[in-house]
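Asker: My questions all concern the structure below.
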Number of protein chains: 2
Amino acid sequence: MNDRQPGSTSPKAQLIAGEVRRRIVEREWQQGERIPDEADLAVTFGVARATVNKALQLLADEGLLDRRRRAGTRVALNPVRKAIFTIPIVREQIERAGMKYGHRVVAQRRSPIPDETAARIGVPPGREFIHLRAVHYGDERAFQFEDRWINPDSVPGLDKVDFRHQNANEWLVRNAPYLRADIAFSAENADARDARMLGVPKGQALLILHRSTWNDTGPITTVRIACHPGYVISTAD
Amino acid sequence: MNDRQPGSTSPKAQLIAGEVRRRIVEREWQQGERIPDEADLAVTFGVARATVNKALQLLADEGLLDRRRRAGTRVALNPVRKAIFTIPIVREQIERAGMKYGHRVVAQRRSPIPDETAARIGVPPGREFIHLRAVHYGDERAFQFEDRWINPDSVPGLDKVDFRHQNANEWLVRNAPYLRADIAFSAENADARDARMLGVPKGQALLILHRSTWNDTGPITTVRIACHPGYVISTAD
DNA sequence: TAGTGGTCTAGACCACTGG
DNA sequence: CAGTGGTCTAGACCACTAT
């Protein structure tokens, strides 16, 4: 009746999630403890059960709650920590940082994929893919070195594209939407090629990003991206 | 055509999201193009509008759709790709890999935080925190080296805990729920201490994880974790 | 101003699973 | 078997914003 909240948006589910989060953080509800069921909370907060459900699902997705039918909802014992990273398009990332974007293709040719790459994307070894090496620059300084394999059968018209004058990343984003993607981070010492491409000493620690994408007909592309020293991937944006 | 999912539950929202995803991937609905509004889709699919709404919000969260009031829903021009990583508790990660977990505290003392650390968590430099260095082992081999600073004011009773016989990570997880966390990945060449702690050559490329947490009263802890060579963080699980 | 997504509600039925 | 979360529905009103 008198829920007036002048001027402020008030998604009730958010408010409820915040209140539950507060009770957990302030140890009103202890780890492992069962909290009231949805119907009770709905009465307590004066909202519909669906609203409580939405709020609690939010917190369960965050890993703060464990929910099971019949067993009820408990404060998680081992809060699973999830981190969401947005994987930007290189050009946008560089331009957003106020730098001038540049792009140079080092090599483009068809060749049989190496065994390791074949295993990574789950195709028989020895198949011919399009192999592409390119460097992305920000203000003339090497930003990323990308080593990419593209499945020529994955997208019609792919054979006719000349990636020497066309950013492969962006072409693929626009022409080959994918259904599934794998992303992995690791660290490697720069080998001779990495060092040459990025203009850094051999042995320099580099953040390496592996990304592969598939659609319903099979793999589209897999790429190893070596980032310039100092590159940081963060949830903080 | 054949959306059969034998034995699997079929929440309608999931099915609808899958169908919309399919239409996008198969270019039935092109990038930038407007798709029918929720009411139309509800009729098309024979469900309530709320169900369509849920499905489309899923896809918008994935970055596949752009939705705006009054303007309608469009296939995203630059699909923003989000990756969700779960940050496991070290012990569980090691034990899940079938290895024996070990843990050794190298140092614990109060000391003033370095400027860089202070800046990272947003407190004035020079404050005294609890400084902790520890190594986590899997089957007797160094797995991670952690260098942690804990705010003594963040959790009551913290002063009395002896982390030499108590895993700091797990104690904090259970006793200091947080409201906000930042996580960042980067790569560094092992310095002398990293090398000694992990038993690797100096200069070895290491994946570095920085994590900081806050509750409503301020920072709780910030930690730099150096992972053993070969460590990979992946969405694939 | 009107069209579109955002959210809520009250009620219903179902799916799972603990006791 | 019965209690709890999972999901759906039909309807409603609101918040934004393109036109």
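Numbering starts fresh at 1 for the residues of each chain in the structure tokens, the chains themselves are lettered A, B, ... in the order given, and ligands are numbered from 1 as they appear.
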Determine, counting only C-alpha atoms (C1' of nucleotides), which protein, DNA and RNA residues have an atom within 8 Å of an atom of B:Pro177; residues of the same chain fewer than 5 positions away are not included. Present the result as a VMD selection string.
Answerer: (chain A and resid 24 to 25) or (chain B and resid 172 215)
Asker: Residues of chain C within 6 Å of chain B, using only C-alpha atoms (C1' of nucleotides), as a list in words?
Answerer: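 Taking only C-alpha atoms (C1' of nucleotides) into account, DG3, DT4 and DG5 of chain C sit within 6 Å of chain B.
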Asker: Chain B vs chain A: Cα RMSD after least-squares superposition over all Cα in order?
Answerer: 2.3 Å
Asker: Counting only C-alpha atoms (C1' of nucleotides), what is within 8 Å of stretch 7-13 of chain C, bar same-chain residues fewer than 5 positions away, as a list in words?
Answerer: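 So the residues in contact are Pro11, Ala48 and Thr51 of chain A.
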Asker: Can you write out the residues you just picked, keeping C-alpha atoms, as an mmCIF file, in the first residue's frame?
Answerer:
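Result file is selection-v7.cif:
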data_model
loop_
_atom_site.group_PDB
_atom_site.id
_atom_site.type_symbol
_atom_site.label_atom_id
_atom_site.label_comp_id
_atom_site.auth_asym_id
_atom_site.auth_seq_id
_atom_site.Cartn_x
_atom_site.Cartn_y
_atom_site.Cartn_z
ATOM 1 C CA PRO A 11 13.582 -3.473 -8.069
ATOM 2 C CA ALA A 48 5.198 -12.373 -3.980
ATOM 3 C CA THR A 51 10.144 -12.093 -6.234
#
Asker: Just to confirm, what's the straight-line distance from atom CA of A:Arg96 to atom CA of B:Ile121 in Å (one decimal)?
Answerer: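 The value is 24.4 Å.
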Asker: Enumerate, as a PyMOL selection string, the complete set of residues in stretch 8-236 of chain A that a backbone-based DSSP assignment places in strand (DSSP E).
Answerer: chain A and resi 34-35+65-68+72-75+81-87+101-112+128-138+141-150+180-189+205-215+218-227+233-234
Asker: Only C-alpha atoms, please: the residues just picked out, written as a PDB file, in the first residue's frame.
Answerer:
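To be explicit, this is the file written out as again_17.pdb:
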ATOM      1  CA  ARG A  34      19.124 -22.930   6.993  1.00  0.00           C
ATOM      2  CA  ILE A  35      17.252 -19.746   6.180  1.00  0.00           C
ATOM      3  CA  LEU A  65      23.553 -19.743  -1.018  1.00  0.00           C
ATOM      4  CA  ASP A  66      23.015 -23.448  -1.524  1.00  0.00           C
ATOM      5  CA  ARG A  67      19.485 -24.308  -2.556  1.00  0.00           C
ATOM      6  CA  ARG A  68      17.931 -27.737  -2.823  1.00  0.00           C
ATOM      7  CA  GLY A  72      15.620 -25.734   1.702  1.00  0.00           C
ATOM      8  CA  THR A  73      18.090 -22.894   1.339  1.00  0.00           C
ATOM      9  CA  ARG A  74      21.293 -22.690   3.344  1.00  0.00           C
ATOM     10  CA  VAL A  75      24.112 -20.191   3.570  1.00  0.00           C
ATOM     11  CA  ARG A  81      33.884 -17.528  -6.020  1.00  0.00           C
ATOM     12  CA  LYS A  82      32.906 -16.678  -9.534  1.00  0.00           C
ATOM     13  CA  ALA A  83      34.482 -14.009 -11.586  1.00  0.00           C
ATOM     14  CA  ILE A  84      32.983 -12.576 -14.726  1.00  0.00           C
ATOM     15  CA  PHE A  85      35.353 -11.146 -17.279  1.00  0.00           C
ATOM     16  CA  THR A  86      34.319  -9.424 -20.438  1.00  0.00           C
ATOM     17  CA  ILE A  87      36.514 -10.298 -23.369  1.00  0.00           C
ATOM     18  CA  TYR A 101      44.763   1.139 -33.399  1.00  0.00           C
ATOM     19  CA  GLY A 102      47.011  -0.589 -35.893  1.00  0.00           C
ATOM     20  CA  HIS A 103      47.035  -4.078 -37.329  1.00  0.00           C
ATOM     21  CA  ARG A 104      49.582  -6.004 -39.358  1.00  0.00           C
ATOM     22  CA  VAL A 105      49.194  -9.478 -40.815  1.00  0.00           C
ATOM     23  CA  VAL A 106      52.452 -11.368 -40.705  1.00  0.00           C
ATOM     24  CA  ALA A 107      51.401 -14.503 -42.523  1.00  0.00           C
ATOM     25  CA  GLN A 108      48.329 -16.082 -44.065  1.00  0.00           C
ATOM     26  CA  ARG A 109      48.318 -19.527 -45.629  1.00  0.00           C
ATOM     27  CA  ARG A 110      46.585 -22.866 -45.625  1.00  0.00           C
ATOM     28  CA  SER A 111      48.405 -25.547 -43.762  1.00  0.00           C
ATOM     29  CA  PRO A 112      47.829 -28.666 -41.711  1.00  0.00           C
ATOM     30  CA  GLU A 128      44.096 -28.126 -43.438  1.00  0.00           C
ATOM     31  CA  PHE A 129      43.078 -24.868 -41.787  1.00  0.00           C
ATOM     32  CA  ILE A 130      43.770 -21.266 -42.614  1.00  0.00           C
ATOM     33  CA  HIS A 131      46.731 -20.159 -40.556  1.00  0.00           C
ATOM     34  CA  LEU A 132      47.013 -16.505 -39.706  1.00  0.00           C
ATOM     35  CA  ARG A 133      49.530 -14.550 -37.698  1.00  0.00           C
ATOM     36  CA  ALA A 134      48.928 -10.907 -36.898  1.00  0.00           C
ATOM     37  CA  VAL A 135      50.047  -8.195 -34.538  1.00  0.00           C
ATOM     38  CA  HIS A 136      47.754  -5.579 -33.037  1.00  0.00           C
ATOM     39  CA  TYR A 137      49.268  -2.209 -32.207  1.00  0.00           C
ATOM     40  CA  GLY A 138      48.294   0.612 -29.888  1.00  0.00           C
ATOM     41  CA  ARG A 141      53.538  -0.259 -29.975  1.00  0.00           C
ATOM     42  CA  ALA A 142      52.801  -3.960 -30.173  1.00  0.00           C
ATOM     43  CA  PHE A 143      49.807  -4.799 -28.012  1.00  0.00           C
ATOM     44  CA  GLN A 144      48.988  -8.392 -28.854  1.00  0.00           C
ATOM     45  CA  PHE A 145      50.399 -11.063 -31.108  1.00  0.00           C
ATOM     46  CA  GLU A 146      47.782 -13.447 -32.374  1.00  0.00           C
ATOM     47  CA  ASP A 147      48.347 -16.874 -33.887  1.00  0.00           C
ATOM     48  CA  ARG A 148      45.084 -18.133 -35.316  1.00  0.00           C
ATOM     49  CA  TRP A 149      43.739 -21.229 -37.074  1.00  0.00           C
ATOM     50  CA  ILE A 150      40.444 -20.936 -38.929  1.00  0.00           C
ATOM     51  CA  ARG A 180      30.166 -22.389 -27.641  1.00  0.00           C
ATOM     52  CA  ALA A 181      33.458 -20.851 -26.636  1.00  0.00           C
ATOM     53  CA  ASP A 182      36.362 -21.913 -24.465  1.00  0.00           C
ATOM     54  CA  ILE A 183      38.744 -19.414 -22.980  1.00  0.00           C
ATOM     55  CA  ALA A 184      41.861 -20.123 -20.978  1.00  0.00           C
ATOM     56  CA  PHE A 185      44.617 -18.010 -19.466  1.00  0.00           C
ATOM     57  CA  SER A 186      48.154 -19.031 -18.748  1.00  0.00           C
ATOM     58  CA  ALA A 187      51.643 -17.588 -18.608  1.00  0.00           C
ATOM     59  CA  GLU A 188      54.559 -18.360 -20.896  1.00  0.00           C
ATOM     60  CA  ASN A 189      58.070 -17.111 -21.393  1.00  0.00           C
ATOM     61  CA  ALA A 205      56.716 -13.405 -19.046  1.00  0.00           C
ATOM     62  CA  LEU A 206      53.615 -13.018 -21.205  1.00  0.00           C
ATOM     63  CA  LEU A 207      49.962 -13.500 -20.432  1.00  0.00           C
ATOM     64  CA  ILE A 208      48.638 -16.013 -22.938  1.00  0.00           C
ATOM     65  CA  LEU A 209      44.987 -16.248 -23.883  1.00  0.00           C
ATOM     66  CA  HIS A 210      43.659 -19.276 -25.730  1.00  0.00           C
ATOM     67  CA  ARG A 211      40.219 -18.991 -27.231  1.00  0.00           C
ATOM     68  CA  SER A 212      38.327 -21.483 -29.362  1.00  0.00           C
ATOM     69  CA  THR A 213      34.830 -21.267 -30.769  1.00  0.00           C
ATOM     70  CA  TRP A 214      32.397 -23.765 -32.199  1.00  0.00           C
ATOM     71  CA  ASN A 215      29.052 -23.666 -33.916  1.00  0.00           C
ATOM     72  CA  GLY A 218      32.102 -27.990 -35.619  1.00  0.00           C
ATOM     73  CA  PRO A 219      35.025 -25.760 -34.709  1.00  0.00           C
ATOM     74  CA  ILE A 220      35.254 -22.303 -36.213  1.00  0.00           C
ATOM     75  CA  THR A 221      38.546 -20.952 -35.002  1.00  0.00           C
ATOM     76  CA  THR A 222      41.144 -21.276 -32.312  1.00  0.00           C
ATOM     77  CA  VAL A 223      43.634 -18.603 -31.415  1.00  0.00           C
ATOM     78  CA  ARG A 224      46.600 -18.096 -29.124  1.00  0.00           C
ATOM     79  CA  ILE A 225      47.004 -14.480 -28.134  1.00  0.00           C
ATOM     80  CA  ALA A 226      50.217 -13.312 -26.514  1.00  0.00           C
ATOM     81  CA  CYS A 227      49.697 -10.032 -24.657  1.00  0.00           C
ATOM     82  CA  ILE A 233      42.778  -8.957 -17.092  1.00  0.00           C
ATOM     83  CA  SER A 234      40.527  -7.739 -14.353  1.00  0.00           C
TER      84      SER A 234
END
Asker: Measure the distance from atom CA of B:Glu33 to atom CA of A:Gln93 in Å and round it to one decimal.
Answerer: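 If I compute the distance from atom CA of B:Glu33 to atom CA of A:Gln93, I get 24.6 Å.
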Asker: Pull out every residue of chain D sitting within 7 Å of chain B, counting only C-alpha atoms (C1' of nucleotides), and send them as JSON, numbers by chain.
Answerer: {"D": [9, 16, 17, 18]}
Asker: Which one is closest to chain B: A:Pro36, A:Pro88, A:Gly126, A:Gly46? Count only C-alpha atoms.
Answerer: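 Checking each candidate against chain B, we get A:Pro88 as the closest.
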Asker: One number please: atom CA of B:Gln57 to atom CA of B:Ala42, in Å, one decimal.
Answerer: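 Taking atom CA of B:Gln57 and atom CA of B:Ala42, their separation equals 14.1 Å.
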Asker: Could you tell me which of B:Gly63, B:Ala76, B:Leu15, B:Glu28 comes closest to A:Arg174 if we count only C-alpha atoms?
Answerer: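 When distances to A:Arg174 are compared using only C-alpha atoms, the smallest one comes from B:Ala76.
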Asker: Out of B:Leu56, B:Ile89, B:Ala192, B:Ile16, which residue has the shortest atom-to-atom distance to chain A when counting only C-alpha atoms?
Answerer: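 Nearest to chain A: B:Ile89.
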